[in-house]
Amino acid sequence: RVSFMNNQKPQKPTLSGQRFKTRKRDEKERFDPTQFQDCIIQGLTETGTDLEAVAKFLDASGAKLDYRRYAETLFDILVAGGMLAPGGTLADDMTRTNVCVFAAQEDLETMQAFAQVFNKLIRRYKYLEKGFEDEVKKLLLFLKGFSESERNKLAMLTGILLANGTLNASILNSLYNENLVKEGVSAAFAVKLFKSWINEKDINAVAVSLRKVNMDNRLMELFPANKQSIEHFSKYFTEAGLKELSEYVRNQQTIGARKELQKELQEQMSRGDPFKDIILYVKEEMKKNNISEQTVVAIIWSSVMSTVEWNKKEELVAEQAIKHLKQYSPLLAAFTTQGQSELTLLLKIQEYCYDNIHFMKAFQKIVVLFYKAEVLSEEPILKWYKDAHLAKGKSVFLEQMKKFVEWLKNAEEGNQQLSSQAE
């Protein structure tokens, strides 16, 4: 009896172990990607090139086949006609179909029809969204493994899917792959992609999408480091028929340079650097980044006004402002060599005094100070008064300036009268 019981004990784990192995093996066979591929390809062969029928077949098949597990296989087939090996080649021993993006005609209309297939599929099976983005990122890394025609079709399709929101612009990160950039594949692909994207939407919509994923300032990285200049980018994309994209990137460069200039300027001011050093630095940046004097004077004004903790009492803030601005008037004078720059400064002063309520009564005092310091001259002040002012607080500011403007118009009686008028 003891012997019988001893014999029975080890059999339980052995039996359950066998059951477990069998179940695992069955599961492996049941979810074999080859079988999944065969089912999809057979269905696509039966539908033929009618893309509406293809969409219906894919919709119905999602109920029977495991799209969740085999999303990559499914998208490989729809794009390339079969499962892709690493590097982007189709495995020789695999069955394949011609009902796919790569075997279709290379034109925008056909790619728009294929985009509808992907849209319908992903709308129906929402969980495929992430898998599809991963697939496109992978396909972009495989670009060198595809023919030029296949790359063109994929670029057009990707542009359309970015335009209609099926894809997120973050997938473009794959184009910054070092090898793709080095061999010019990324830039050539980007041309086709942006053409179809802008064709579906416009440059403003493209800019919004790029900004959302912080890619609005990275487009120059489509070129190797030695070609990452605005001149090269502009020439390449303008010649390819994408002038609006090159203008957008040029504008982004200028915005970036302005932000950098303002940041550096504020640091120099807080350190108390000599004005001659600051002026030299600003002039070099203007030349290097093609920044206008009007833009620079607005940046300097903004920087000068942000370096102070202003008094909250209206009667004290004007006195504080005059003392502060008198100190910085030589810096502003260096960048108001044109009438338009002076007018820009006047408008910035008006805007600032309106937006900061404690400064409302200080406007005229600031303008007179700058007139005496030769930052502002007669003609721009008169033009501002007549018709170039902003609507913001105009009645208050025009009233403040009335007597001074009359003096400018009618009298040339010297500095003595100017001083008494200003007080």
# chains A, B, ... in the order shown; residues from 1 in each chain; ligands from 1
$ residues_around --residues "Phe237 of chain A" --least-positions-apart "5" --cutoff "8 Å" --atoms "only C-alpha atoms" --output "ChimeraX atom specification"
/A:191,242-243,245-246
$ residues_around --residues "segment 283-288 of chain A" --least-positions-apart "3" --cutoff "12 Å" --atoms "only C-alpha atoms" --output "list of chain:residue names"
A:Ser229, A:Ile230, A:Gln253, A:Thr254, A:Gly256, A:Ala257, A:Arg258, A:Lys259, A:Glu260, A:Leu261, A:Gln262, A:Glu264, A:Leu265, A:Lys276, A:Asp277, A:Ile278, A:Ile279, A:Leu280, A:Ile291, A:Ser292, A:Glu293, A:Gln294, A:Thr295, A:Val296, A:Val297, A:Ile299, A:Leu331, A:Ala334, A:Phe335
$ closest_residue --among "A:Ala60, A:Met83, A:Leu325, A:Ala333" --to "Ile366 of chain A" --atoms "only C-alpha atoms"
A:Leu325
$ atom_distance --atom1 "atom CA of Glu72 of chain A" --atom2 "atom CA of Gly88 of chain A"
12.9 Å
$ residues_around --residues "Leu74 of chain A" --least-positions-apart "2" --cutoff "10 Å" --atoms "only C-alpha atoms" --output "list of chain:residue names"
A:Pro33, A:Phe36, A:Gln37, A:Ile40, A:Ile41, A:Leu58, A:Asp66, A:Tyr67, A:Arg68, A:Arg69, A:Tyr70, A:Ala71, A:Glu72, A:Asp76, A:Ile77, A:Leu78, A:Val79, A:Gly81, A:Gly82, A:Met83, A:Gly131, A:Phe132, A:Glu135
$ closest_residue --among "A:Arg96, A:Asp134, A:Leu51, A:Ser147" --to "Ala113 of chain A" --atoms "only C-alpha atoms"
A:Leu51
$ closest_atom_pairs --of "segment 99-149 of chain A" --to "segment 169-183 of chain A" --cutoff "9 Å" --atoms "only C-alpha atoms" --output "Markdown table"
| residue | atom | partner | partner_atom | distance |
| --- | --- | --- | --- | --- |
| A:Glu133 | CA | A:Ile171 | CA | 6.8 |
| A:Asp134 | CA | A:Ile171 | CA | 8.0 |
| A:Val136 | CA | A:Ile171 | CA | 7.0 |
| A:Lys137 | CA | A:Ile171 | CA | 5.4 |
| A:Lys138 | CA | A:Ser174 | CA | 7.7 |
| A:Leu139 | CA | A:Ser174 | CA | 8.8 |
| A:Leu140 | CA | A:Ser174 | CA | 5.9 |
| A:Leu141 | CA | A:Ser174 | CA | 5.9 |
| A:Leu143 | CA | A:Leu180 | CA | 7.7 |
| A:Lys144 | CA | A:Leu180 | CA | 7.3 |
$ closest_residue --among "A:Asp59, A:Pro86, A:Phe359, A:Glu200" --to "Lys313 of chain A" --atoms "only C-alpha atoms"
A:Phe359
$ residues_around --residues "Val206 of chain A" --least-positions-apart "6" --cutoff "8 Å" --atoms "only C-alpha atoms" --output "list of chain:residue names"
A:Ala163, A:Trp197, A:Ile198
$ closest_residue --among "A:Val101, A:Leu108, A:Leu210, A:Leu343" --to "Leu382 of chain A" --atoms "only C-alpha atoms"
A:Leu343
